[in-house]
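run26.cif, holding mmCIF, C-alpha atoms:
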```cif
data_input
#
loop_
_atom_site.label_atom_id
_atom_site.label_comp_id
_atom_site.auth_asym_id
_atom_site.auth_seq_id
_atom_site.Cartn_x
_atom_site.Cartn_y
_atom_site.Cartn_z
CA MET W 1 32.47 85.47 81.68
CA ALA W 2 35.80 86.64 83.09
CA SER W 3 35.99 83.58 85.32
CA GLY W 4 35.29 81.21 82.42
CA GLY W 5 37.94 82.88 80.22
CA GLY W 6 40.54 82.63 82.99
CA SER W 7 39.79 78.92 83.45
CA TRP W 8 40.07 78.26 79.69
CA LYS W 9 43.49 79.98 79.58
CA GLY W 10 44.62 77.99 82.59
CA TYR W 11 43.66 74.68 80.99
CA THR W 12 45.44 75.69 77.79
CA LEU W 13 48.64 76.49 79.71
CA VAL W 14 48.50 73.16 81.54
CA ALA W 15 47.94 71.26 78.28
CA ALA W 16 50.85 73.07 76.61
CA THR W 17 53.11 72.26 79.54
CA VAL W 18 52.18 68.56 79.32
CA VAL W 19 52.90 68.49 75.57
CA VAL W 20 56.32 70.15 76.02
CA THR W 21 57.22 67.75 78.84
CA VAL W 22 56.26 64.71 76.75
CA LEU W 23 58.25 65.94 73.76
CA ALA W 24 61.29 66.55 75.95
CA ALA W 25 60.96 63.16 77.65
CA THR W 26 60.77 61.30 74.30
CA GLY W 27 63.73 63.20 72.86
CA VAL W 28 61.66 64.77 70.06
CA TRP W 29 62.42 68.29 71.24
CA ASN W 30 64.18 69.53 74.38
CA PRO W 31 63.71 73.25 75.08
CA PHE W 32 65.19 73.20 78.59
CA PRO W 33 68.89 73.96 77.80
CA GLN W 34 67.84 77.04 75.86
CA LEU W 35 65.34 77.92 78.57
CA TRP W 36 67.94 77.77 81.38
CA SER W 37 70.41 79.67 79.22
CA TRP W 38 67.80 82.40 78.80
CA ILE W 39 67.06 82.44 82.55
CA ASN W 40 70.76 82.75 83.44
CA THR W 41 71.45 85.53 80.95
CA SER W 42 71.91 88.72 82.94
CA GLY W 43 71.23 92.25 81.90
CA PRO W 44 73.83 94.98 82.29
CA ILE W 45 74.72 95.83 85.89
CA ALA W 46 75.15 99.51 85.04
CA PRO W 47 75.42 101.69 81.94
CA GLY W 48 78.94 102.57 80.84
CA ALA W 49 80.63 99.50 82.35
CA ARG W 50 83.99 98.73 80.74
CA TRP W 51 83.27 95.02 81.12
CA GLN W 52 80.85 92.65 82.80
CA GLN W 53 81.76 89.12 83.84
CA GLN W 54 79.50 86.26 84.91
CA LEU W 55 80.97 84.41 87.91
CA GLY W 56 80.80 80.78 88.89
CA GLY W 57 78.93 81.54 92.10
CA SER W 58 77.94 84.29 94.50
CA PRO W 59 81.10 86.08 95.70
CA GLN W 60 82.02 86.35 99.36
CA SER W 61 84.33 89.27 98.58
CA ILE W 62 85.91 91.04 95.60
CA ALA W 63 89.13 93.07 95.78
CA ILE W 64 91.52 94.87 93.45
CA ALA W 65 95.17 93.82 93.81
CA GLY W 66 97.40 95.67 91.39
CA ASP W 67 96.08 94.84 87.89
CA SER W 68 94.06 91.85 89.11
CA VAL W 69 90.54 91.41 90.46
CA ILE W 70 90.43 88.79 93.22
CA VAL W 71 87.09 87.02 93.76
CA GLU W 72 86.61 84.97 96.92
CA TYR W 73 83.95 82.25 97.04
CA ARG W 74 83.09 79.95 99.92
CA THR W 75 85.68 77.32 98.99
CA SER W 76 87.79 78.84 96.21
CA VAL W 77 89.49 81.98 94.91
CA GLU W 78 89.69 83.28 91.33
CA ALA W 79 91.61 86.10 89.69
CA TYR W 80 90.65 88.16 86.64
CA GLY W 81 92.53 90.81 84.73
CA LEU W 82 91.39 94.32 85.58
CA THR W 83 91.64 95.52 81.97
CA ALA W 84 89.35 93.01 80.26
CA ALA W 85 88.23 90.47 82.92
CA VAL W 86 90.33 87.66 81.41
CA LYS W 87 90.51 84.81 83.91
CA LEU W 88 94.08 84.52 85.24
CA TRP W 89 94.03 81.66 87.77
CA SER W 90 92.00 79.86 90.41
CA SER W 91 92.84 78.12 93.67
CA ASP W 92 91.09 76.11 96.38
CA ALA W 93 90.81 78.11 99.63
CA ASP W 94 88.27 78.78 102.37
CA TRP W 95 89.29 82.40 102.83
CA ALA W 96 91.29 85.09 101.06
CA SER W 97 92.49 88.57 101.94
CA ILE W 98 94.63 91.25 100.29
CA ALA W 99 97.85 92.61 101.81
CA GLY W 100 100.12 95.31 100.42
CA LYS W 101 99.10 98.09 98.07
CA GLY W 102 99.14 98.71 94.32
CA ALA W 103 101.92 96.88 92.50
CA ASN W 104 103.11 95.42 95.83
CA ALA W 105 99.78 93.77 96.67
CA VAL W 106 99.56 90.04 97.37
CA VAL W 107 96.75 87.56 98.03
CA VAL W 108 96.77 85.65 101.33
CA THR W 109 94.72 82.43 101.37
CA GLY W 110 94.08 79.60 103.80
CA ARG W 111 91.82 76.81 104.99
CA LEU W 112 89.42 76.87 107.92
CA LEU W 113 90.41 74.74 110.92
CA THR W 114 93.83 74.25 109.33
CA LYS W 115 97.06 75.90 110.43
CA GLY W 116 99.07 77.94 107.96
CA TYR W 117 98.44 80.10 104.92
CA GLN W 118 99.88 80.94 101.50
CA VAL W 119 100.92 84.26 99.98
CA LEU W 120 100.11 84.33 96.26
CA ASP W 121 101.08 86.61 93.40
CA PRO W 122 97.83 88.27 92.26
CA ALA W 123 98.72 88.15 88.54
CA THR W 124 99.79 84.49 88.32
CA GLY W 125 98.63 82.72 91.48
CA THR W 126 102.23 81.64 92.11
CA VAL W 127 103.02 80.86 95.77
CA ARG W 128 105.49 83.47 97.02
CA ARG W 129 105.62 82.26 100.63
CA SER W 130 104.01 79.49 102.68
CA ASP W 131 103.42 79.13 106.42
CA THR W 132 102.39 75.93 108.17
CA GLY W 133 102.01 77.04 111.79
CA ALA W 134 99.88 80.20 111.98
CA THR W 135 96.34 80.02 113.30
CA ALA W 136 95.37 83.63 112.55
CA VAL W 137 96.47 86.23 109.99
CA TRP W 138 95.89 89.98 109.71
CA THR W 139 96.54 91.80 106.43
CA TYR W 140 97.65 95.42 106.10
CA GLN W 141 99.08 97.75 103.46
CA ASP W 142 102.56 97.45 104.94
CA ALA W 143 102.56 94.10 106.74
CA ILE W 144 101.18 90.59 107.11
CA VAL W 145 100.87 89.77 110.81
CA ASP W 146 100.34 86.17 111.92
CA LEU W 147 99.83 84.40 115.23
CA SER W 148 101.34 80.97 115.88
CA CYS W 149 100.79 78.96 119.04
CA SER W 150 102.22 75.74 120.46
CA ASP W 151 99.42 73.97 122.32
CA GLY W 152 97.90 77.38 123.08
CA ASP W 153 100.50 78.18 125.77
CA ASP W 154 103.43 79.57 123.81
CA CYS W 155 102.25 82.05 121.17
CA ARG W 156 104.18 84.42 118.92
CA LEU W 157 103.00 87.36 116.85
CA THR W 158 105.15 87.92 113.74
CA ALA W 159 105.09 90.66 111.10
CA TRP W 160 106.24 90.13 107.51
CA ASP W 161 106.78 92.41 104.54
CA PRO W 162 103.90 91.56 102.16
CA ARG W 163 105.86 91.41 98.89
CA SER W 164 109.37 90.35 99.85
CA GLY W 165 108.36 88.03 102.68
CA GLU W 166 111.09 89.44 104.93
CA GLN W 167 110.40 89.12 108.65
CA LEU W 168 109.97 92.55 110.25
CA TRP W 169 109.69 91.49 113.89
CA SER W 170 108.45 88.70 116.15
CA VAL W 171 107.28 88.86 119.76
CA GLY W 172 106.14 86.29 122.30
CA THR W 173 102.62 86.92 123.58
CA GLY W 174 102.28 84.12 126.13
CA SER W 175 99.08 82.12 126.22
CA ILE W 176 96.52 83.28 123.66
CA GLY W 177 95.01 79.90 122.78
CA PHE W 178 93.01 79.25 119.64
CA VAL W 179 90.31 81.88 120.03
CA LEU W 180 91.76 83.83 117.06
CA ASP W 181 91.75 82.09 113.70
CA ALA W 182 91.53 82.52 109.90
CA ALA W 183 91.80 85.94 108.26
CA ASN W 184 91.50 89.23 110.15
CA PRO W 185 89.75 88.00 113.31
CA ASP W 186 88.24 90.84 115.30
CA LEU W 187 90.55 92.81 117.60
CA PRO W 188 89.60 95.42 120.22
CA ASP W 189 89.83 98.54 118.06
CA THR W 190 87.16 100.58 116.23
CA ARG W 191 84.04 99.30 114.51
CA ARG W 192 83.74 100.63 110.96
CA LEU W 193 80.61 102.46 109.88
CA SER W 194 79.21 100.75 106.79
CA SER W 195 76.32 100.56 104.34
CA ASN W 196 74.57 97.41 103.13
CA LYS W 197 75.19 98.52 99.51
CA VAL W 198 78.95 98.82 100.02
CA ASP W 199 81.24 95.99 101.15
CA ASP W 200 82.88 96.46 104.54
CA ASP W 201 86.36 96.02 103.00
CA VAL W 202 85.83 98.35 100.03
CA ALA W 203 88.69 100.61 101.14
CA GLY W 204 91.21 97.77 100.96
CA PRO W 205 93.72 96.87 103.67
CA PRO W 206 94.50 99.57 106.25
CA VAL W 207 97.93 100.69 107.38
CA LEU W 208 99.34 98.66 110.29
CA PRO W 209 98.37 100.62 113.43
CA GLY W 210 100.98 101.66 116.00
CA LEU W 211 99.45 99.41 118.65
CA LEU W 212 97.61 96.10 118.39
CA GLY W 213 95.51 94.57 121.15
CA LEU W 214 95.25 90.77 121.45
CA PRO W 215 92.32 89.55 123.57
CA HIS W 216 92.56 86.43 125.73
CA ASP W 217 90.84 85.23 128.88
CA GLY W 218 89.55 88.64 129.92
CA GLN W 219 92.84 90.41 129.20
CA ILE W 220 94.15 92.60 126.38
CA ARG W 221 97.83 92.23 125.50
CA VAL W 222 99.06 95.40 123.78
CA ILE W 223 101.79 95.07 121.12
CA ASP W 224 103.91 98.00 119.88
CA THR W 225 104.15 97.33 116.13
CA ALA W 226 107.04 99.74 115.54
CA SER W 227 109.41 97.77 117.77
CA GLY W 228 107.60 94.45 118.01
CA ARG W 229 107.31 94.48 121.81
CA LEU W 230 104.64 93.55 124.33
CA VAL W 231 104.21 96.86 126.15
CA GLN W 232 101.15 96.42 128.35
CA THR W 233 98.61 93.89 129.61
CA VAL W 234 95.19 95.27 130.54
CA ARG W 235 92.39 93.51 132.39
CA PRO W 236 89.14 95.53 132.10
CA GLY W 237 86.65 95.52 134.94
CA ARG W 238 83.13 94.10 134.75
CA GLN W 239 81.61 97.37 133.52
CA GLN W 240 84.54 98.31 131.30
CA ARG W 241 85.57 97.78 127.69
CA VAL W 242 89.06 98.32 126.27
CA ALA W 243 89.79 99.48 122.71
CA VAL W 244 93.21 100.16 121.19
CA VAL W 245 92.82 103.24 118.98
CA GLY W 246 95.21 105.87 117.62
CA GLY W 247 98.21 104.61 119.59
CA ARG W 248 96.27 104.79 122.87
CA VAL W 249 94.51 102.29 125.09
CA LEU W 250 90.95 103.48 125.66
CA THR W 251 89.15 102.24 128.76
CA ILE W 252 85.40 102.86 128.55
CA THR W 253 83.54 102.57 131.86
CA GLY W 254 79.76 102.37 132.00
CA THR W 255 78.09 102.99 135.37
CA ALA W 256 74.43 102.11 135.87
CA LYS W 257 72.62 104.76 137.90
CA ASP W 258 69.18 106.37 138.00
CA GLY W 259 67.83 104.02 135.34
CA THR W 260 70.45 104.93 132.75
CA CYS W 261 74.11 104.38 131.93
CA TYR W 262 76.81 107.00 132.58
CA TYR W 263 80.04 106.75 130.62
CA ASP W 264 83.62 107.73 131.24
CA VAL W 265 86.41 107.35 128.65
CA VAL W 266 90.11 107.36 129.63
CA ALA W 267 92.91 107.20 127.04
CA GLY W 268 96.17 105.83 128.40
CA ASN W 269 99.69 105.68 127.00
CA PRO W 270 101.56 102.35 127.29
CA PRO W 271 103.51 101.02 128.98
CA GLY W 272 102.68 102.84 132.19
CA GLY W 273 99.13 103.74 131.23
CA GLN W 274 99.55 107.45 131.94
CA VAL W 275 96.30 109.31 131.21
CA VAL W 276 96.58 111.35 128.00
CA TRP W 277 92.97 112.50 127.76
CA ARG W 278 89.66 111.84 129.46
CA ARG W 279 85.98 112.48 128.69
CA ASP W 280 83.06 112.22 131.10
CA GLY W 281 79.61 111.59 129.62
CA LEU W 282 80.93 110.46 126.22
CA ASN W 283 78.97 107.51 124.80
CA LEU W 284 81.04 105.56 122.26
CA ARG W 285 78.06 103.31 121.45
CA THR W 286 79.67 100.24 122.94
CA ALA W 287 76.42 99.11 124.61
CA ASP W 288 72.79 98.78 123.63
CA ASN W 289 70.38 101.39 124.92
CA GLY W 290 69.30 100.72 128.47
CA SER W 291 70.60 100.78 132.00
CA ALA W 292 72.50 97.47 132.04
CA CYS W 293 75.73 99.03 130.68
CA ASP W 294 76.76 95.71 129.07
CA GLN W 295 79.40 96.82 126.58
CA GLU W 296 79.47 94.17 123.89
CA ARG W 297 80.70 96.21 120.89
CA ASP W 298 83.84 98.09 119.94
CA PRO W 299 83.48 101.87 119.72
CA ALA W 300 82.28 103.21 116.38
CA GLY W 301 84.84 105.01 114.26
CA GLY W 302 87.67 104.33 111.86
CA TYR W 303 91.45 104.12 112.08
CA ASN W 304 92.58 106.80 114.60
CA VAL W 305 89.19 108.52 114.98
CA VAL W 306 86.34 107.55 117.32
CA LEU W 307 82.69 108.55 117.02
CA GLY W 308 80.91 109.48 120.22
CA VAL W 309 77.64 111.00 121.38
CA ASP W 310 77.53 113.68 124.06
CA PRO W 311 74.86 113.74 126.82
CA TYR W 312 72.69 116.00 124.62
CA GLY W 313 72.55 113.60 121.69
CA ARG W 314 75.08 115.41 119.48
CA GLU W 315 77.63 113.34 117.60
CA VAL W 316 81.30 114.20 117.96
CA LEU W 317 84.43 112.91 116.20
CA ILE W 318 87.53 112.68 118.39
CA ASN W 319 91.20 112.18 117.60
CA GLY W 320 92.08 109.00 119.48
CA TYR W 321 95.70 110.04 119.99
CA ASP W 322 95.27 113.41 121.73
CA GLY W 323 91.51 113.68 122.42
CA ARG W 324 90.91 116.74 120.20
CA ASP W 325 87.43 117.34 118.77
CA LEU W 326 87.70 116.99 115.00
CA TRP W 327 84.03 117.74 114.38
CA TYR W 328 81.07 118.57 116.60
CA GLY W 329 77.61 118.11 115.13
CA ASP W 330 74.07 119.10 115.98
CA LYS W 331 71.14 116.84 116.79
CA GLU W 332 70.09 116.60 113.14
CA SER W 333 73.50 115.55 111.77
CA THR W 334 74.60 111.93 111.39
CA VAL W 335 78.06 110.63 110.49
CA LEU W 336 77.80 108.05 107.70
CA THR W 337 81.47 107.08 107.44
CA LEU W 338 84.95 108.37 108.28
CA ASN W 339 88.69 107.78 108.12
CA ASP W 340 91.71 109.69 109.42
CA ALA W 341 91.25 112.59 107.00
CA TYR W 342 87.55 112.96 106.17
CA ALA W 343 84.03 112.29 107.36
CA VAL W 344 80.81 112.03 105.36
CA ILE W 345 77.90 113.61 107.21
CA ARG W 346 74.18 113.63 106.41
CA LYS W 347 71.72 116.29 107.54
CA GLY W 348 68.23 116.01 106.12
CA ASP W 349 68.59 115.35 102.38
CA GLN W 350 72.07 116.91 102.17
CA VAL W 351 75.34 114.96 102.30
CA ARG W 352 78.61 116.77 103.08
CA GLY W 353 82.24 115.82 102.97
CA TYR W 354 84.12 117.23 105.97
CA SER W 355 87.92 117.69 105.97
CA PHE W 356 89.63 117.41 109.34
CA ALA W 357 92.71 119.22 108.05
CA LYS W 358 90.66 122.20 106.79
CA ASP W 359 88.12 122.04 109.64
CA LYS W 360 85.21 122.58 107.23
CA ALA W 361 82.97 120.94 104.66
CA VAL W 362 84.72 120.71 101.28
CA TRP W 363 81.81 119.37 99.20
CA ARG W 364 78.10 118.66 99.40
CA LEU W 365 75.35 116.77 97.58
CA ASP W 366 71.74 117.92 97.82
CA GLY W 367 68.51 116.02 97.42
CA ARG W 368 69.84 112.56 98.25
CA GLY W 369 67.57 111.54 101.15
CA GLU W 370 68.45 108.18 102.70
CA VAL W 371 71.99 107.28 101.66
CA GLY W 372 74.98 105.23 102.68
CA ALA W 373 78.63 106.05 102.15
CA ALA W 374 82.17 104.70 102.25
CA LEU W 375 85.59 106.37 102.15
CA THR W 376 88.40 104.79 100.15
CA PRO W 377 91.88 106.07 99.22
CA TYR W 378 90.66 106.86 95.70
CA ALA W 379 87.06 108.04 96.04
CA VAL W 380 84.13 108.67 98.33
CA ILE W 381 81.29 106.30 97.44
CA VAL W 382 77.75 107.60 98.08
CA VAL W 383 74.96 105.07 97.51
CA SER W 384 71.22 105.56 97.43
CA LYS W 385 68.36 103.64 95.87
CA ASN W 386 69.51 102.48 92.41
CA ARG W 387 72.34 105.05 92.29
CA VAL W 388 76.08 105.05 93.01
CA THR W 389 78.18 108.22 92.96
CA ALA W 390 81.96 108.35 93.29
CA LEU W 391 83.53 111.66 94.35
CA THR W 392 87.02 113.04 94.87
CA PRO W 393 87.38 113.25 98.69
CA SER W 394 89.14 116.64 98.73
CA ASN W 395 86.67 118.65 96.60
CA GLY W 396 83.67 116.50 95.66
CA ALA W 397 84.44 116.35 91.94
CA VAL W 398 82.25 113.63 90.42
CA ARG W 399 84.30 110.68 89.14
CA ALA W 400 81.31 108.46 88.34
CA ASP W 401 77.54 108.68 88.70
CA VAL W 402 75.67 105.57 87.59
CA ARG W 403 72.22 104.08 87.91
CA THR W 404 72.58 100.63 89.42
CA ASP W 405 71.29 98.51 92.28
CA ALA W 406 74.54 96.52 92.45
CA LYS W 407 76.75 96.42 95.55
CA VAL W 408 80.14 98.15 95.39
CA PHE W 409 82.89 95.73 96.46
CA ALA W 410 86.18 97.39 95.53
CA VAL W 411 87.58 100.77 94.44
CA GLY W 412 90.84 101.32 92.59
CA PRO W 413 92.64 104.37 91.20
CA ASP W 414 90.61 104.37 87.96
CA GLY W 415 87.30 102.70 88.75
CA MET W 416 85.23 100.45 90.97
CA ILE W 417 83.96 96.87 90.96
CA ALA W 418 80.24 96.34 91.52
CA ALA W 419 78.44 93.01 91.71
CA SER W 420 74.86 91.80 91.60
CA GLY W 421 74.10 88.13 92.05
CA ARG W 422 76.66 86.19 90.02
CA ASP W 423 77.72 89.11 87.84
CA MET W 424 80.43 91.70 88.43
CA ALA W 425 81.29 94.75 86.37
CA TYR W 426 84.08 97.31 86.23
CA LEU W 427 82.73 100.88 86.33
CA PRO W 428 85.49 103.27 85.21
CA PHE W 429 85.97 106.76 86.57
CA SER W 430 85.76 109.66 84.15
#
```
Rewritten as structure tokens:
Amino acid sequence: MASGGGSWKGYTLVAATVVVTVLAATGVWNPFPQLWSWINTSGPIAPGARWQQQLGGSPQSIAIAGDSVIVEYRTSVEAYGLTAAVKLWSSDADWASIAGKGANAVVVTGRLLTKGYQVLDPATGTVRRSDTGATAVWTYQDAIVDLSCSDGDDCRLTAWDPRSGEQLWSVGTGSIGFVLDAANPDLPDTRRLSSNKVDDDVAGPPVLPGLLGLPHDGQIRVIDTASGRLVQTVRPGRQQRVAVVGGRVLTITGTAKDGTCYYDVVAGNPPGGQVVWRRDGLNLRTADNGSACDQERDPAGGYNVVLGVDPYGREVLINGYDGRDLWYGDKESTVLTLNDAYAVIRKGDQVRGYSFAKDKAVWRLDGRGEVGAALTPYAVIVVSKNRVTALTPSNGAVRADVRTDAKVFAVGPDGMIAASGRDMAYLPFS
């Protein structure tokens, strides 16, 4: 009986589908526009959103620049007002990045495989400055740094003030070639800890570091960004990796022996490379597990802090400038994220915020289980299944706690932008 009833319902559904198709084809009645409209109508991303905006496609990135929300797609960029999501402007571009901070922020855009870039006003889309020769651009709170090369043999690295466009310095780097291109190509520094529910660039542009390392042909050319000078050229050995962190040049050596890999970390001070600090047995997670010692990743960390593991499996956070231990964990503790001032650490189902200045935990959340986290200038973001919590970094005061499965893309002084599919919403802080 059950089988017969199921077949009867199936035939009825097929017959109804045929009738609807015929009616639509003959123009008597066309339900499909209403049907697709219903399919594309999205529910709320999260309760308490100030606004929710449907986008024209899936965003590559979303950022807050002053009072504007900048949405990057694969081949275009759009801007919306932060207050009410009113569309401000749009522009064709293959990539976009934010430089500057707050009211001084600008949008840097460009095309793939095309030299040059444009600096746009985030509120109007007006071109403030154009460049036609740069192959690569890095964006910071206090500078736009670009690399221009003539036939790959004569390259210059130049820093500009983001808002005024004034040149800060320019230095010849010799042959770099065209291995660095587009926006923020990877440099030998630290690898940020991230969560798949928080965008990697949620904290916004960082401050320009004191030293930059430019890789080329097995060498690292080290640039002093305060004076705009080439201060050192380093060629790492076969079992070495170089990272420029905290104003120091870190040389990580992995030696294969007894079926494992033994590590040694030396921090040198340009230009002479004098040793400032050294650690034997410190694993900065630059290689996969095993005895090959092939170091294919930058050390984990953030800004001037590196994350290492001692020979006993305990994580340690180290000041890259002077080698001091900022935090030493136990085997059950895991660092989720960090910056120069704080770290977010999970142990069991408890999450803690650790202050380097106070040398202690300054807040904690219990009962969270598996979580991810991100540190921004305005809030700590803790994400778990269908939940996003924003906390004040210094004391853990809750600024927002919402039920949502959306991904957090950007955080500003008064709220955060979350997106799911083709919808984004502004979630204000209390």
* Determine, counting all atoms listed in the file, which protein, DNA and RNA residues have an atom within 8 Å of an atom of segment 61-73 of chain W; residues of the same chain fewer than 4 positions away are not included. Present the result as a PyMOL selection string. => chain W and resi 57+77-83+85+94-96+98+101-107+122-123+199+202+204+409-412+417
List the residues matched by the PyMOL selection byres ((chain W and resi 280) around 9) in the displayed structure as a short mmCIF file (atom, residue, chain, number, x, y, z; two decimals) with C-alpha atoms, keeping the file's coordinate frame, ordered by chain and then by residue number.
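Just written: result-v4.cif:
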```
data_model
loop_
_atom_site.label_atom_id
_atom_site.label_comp_id
_atom_site.auth_asym_id
_atom_site.auth_seq_id
_atom_site.Cartn_x
_atom_site.Cartn_y
_atom_site.Cartn_z
CA TYR W 262 76.81 107.00 132.58
CA TYR W 263 80.04 106.75 130.62
CA ASP W 264 83.62 107.73 131.24
CA VAL W 265 86.41 107.35 128.65
CA VAL W 266 90.11 107.36 129.63
CA ARG W 278 89.66 111.84 129.46
CA ARG W 279 85.98 112.48 128.69
CA GLY W 281 79.61 111.59 129.62
CA LEU W 282 80.93 110.46 126.22
CA ASN W 283 78.97 107.51 124.80
#
```
* Asked: Quick one: which residues end up in the PyMOL selection byres ((chain W and resi 249) around 8) for this structure, as JSON, numbers by chain?
  -> {"W": [242, 243, 244, 245, 247, 248, 250, 251, 267, 268, 269, 270, 273]}
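Counting only C-alpha atoms, Asn196 of chain W has the following residues at most 12 Å away, ignoring those fewer than 4 positions along the same chain: W:Asp200, W:Asp201, W:Val202, W:Val371, W:Gly372, W:Ala373, W:Ala374, W:Val382, W:Val383, W:Ser384, W:Lys385, W:Asp405, W:Ala406, W:Lys407, W:Val408, W:Phe409.
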* To do: Spell out the residues picked by the PyMOL selection byres ((chain W and resi 142-152) around 9) here, as number ranges by chain.
  => W: 99-101, 108, 115-116, 133-141, 153-163, 165, 168, 174-178, 180-181, 205-208
* **Residue contacts of Arg297 of chain W (12 Å, only C-alpha atoms) excluding same-chain residues fewer than 5 positions away, as a PyMOL selection string** => chain W and resi 186-192+240-243+252+284-288
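Here atom CA of Leu88 of chain W and atom CA of Ala49 of chain W stand 20.3 Å from one another.
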* To do: Measuring atom to atom with all atoms listed in the file, identify which of W:Trp277, W:Phe356, W:Trp51, W:Trp169 is nearest to Asp423 of chain W.
  => W:Trp51
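Residues in contact range of segment 391-402 of chain W, defined as at most 7 Å between all atoms listed in the file, with sequence neighbours fewer than 4 positions away removed, read W:Ala46, W:Pro47, W:Val362, W:Trp363, W:Ala379, W:Val380, W:Ile381, W:Arg387, W:Phe429, W:Ser430.
Coordinates place atom CA of Val179 of chain W at a distance of 11.6 Å from atom CA of Leu113 of chain W.
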* **Distance in Å - atom CA of Arg324 of chain W versus atom CA of Lys257 of chain W** => 28.1 Å
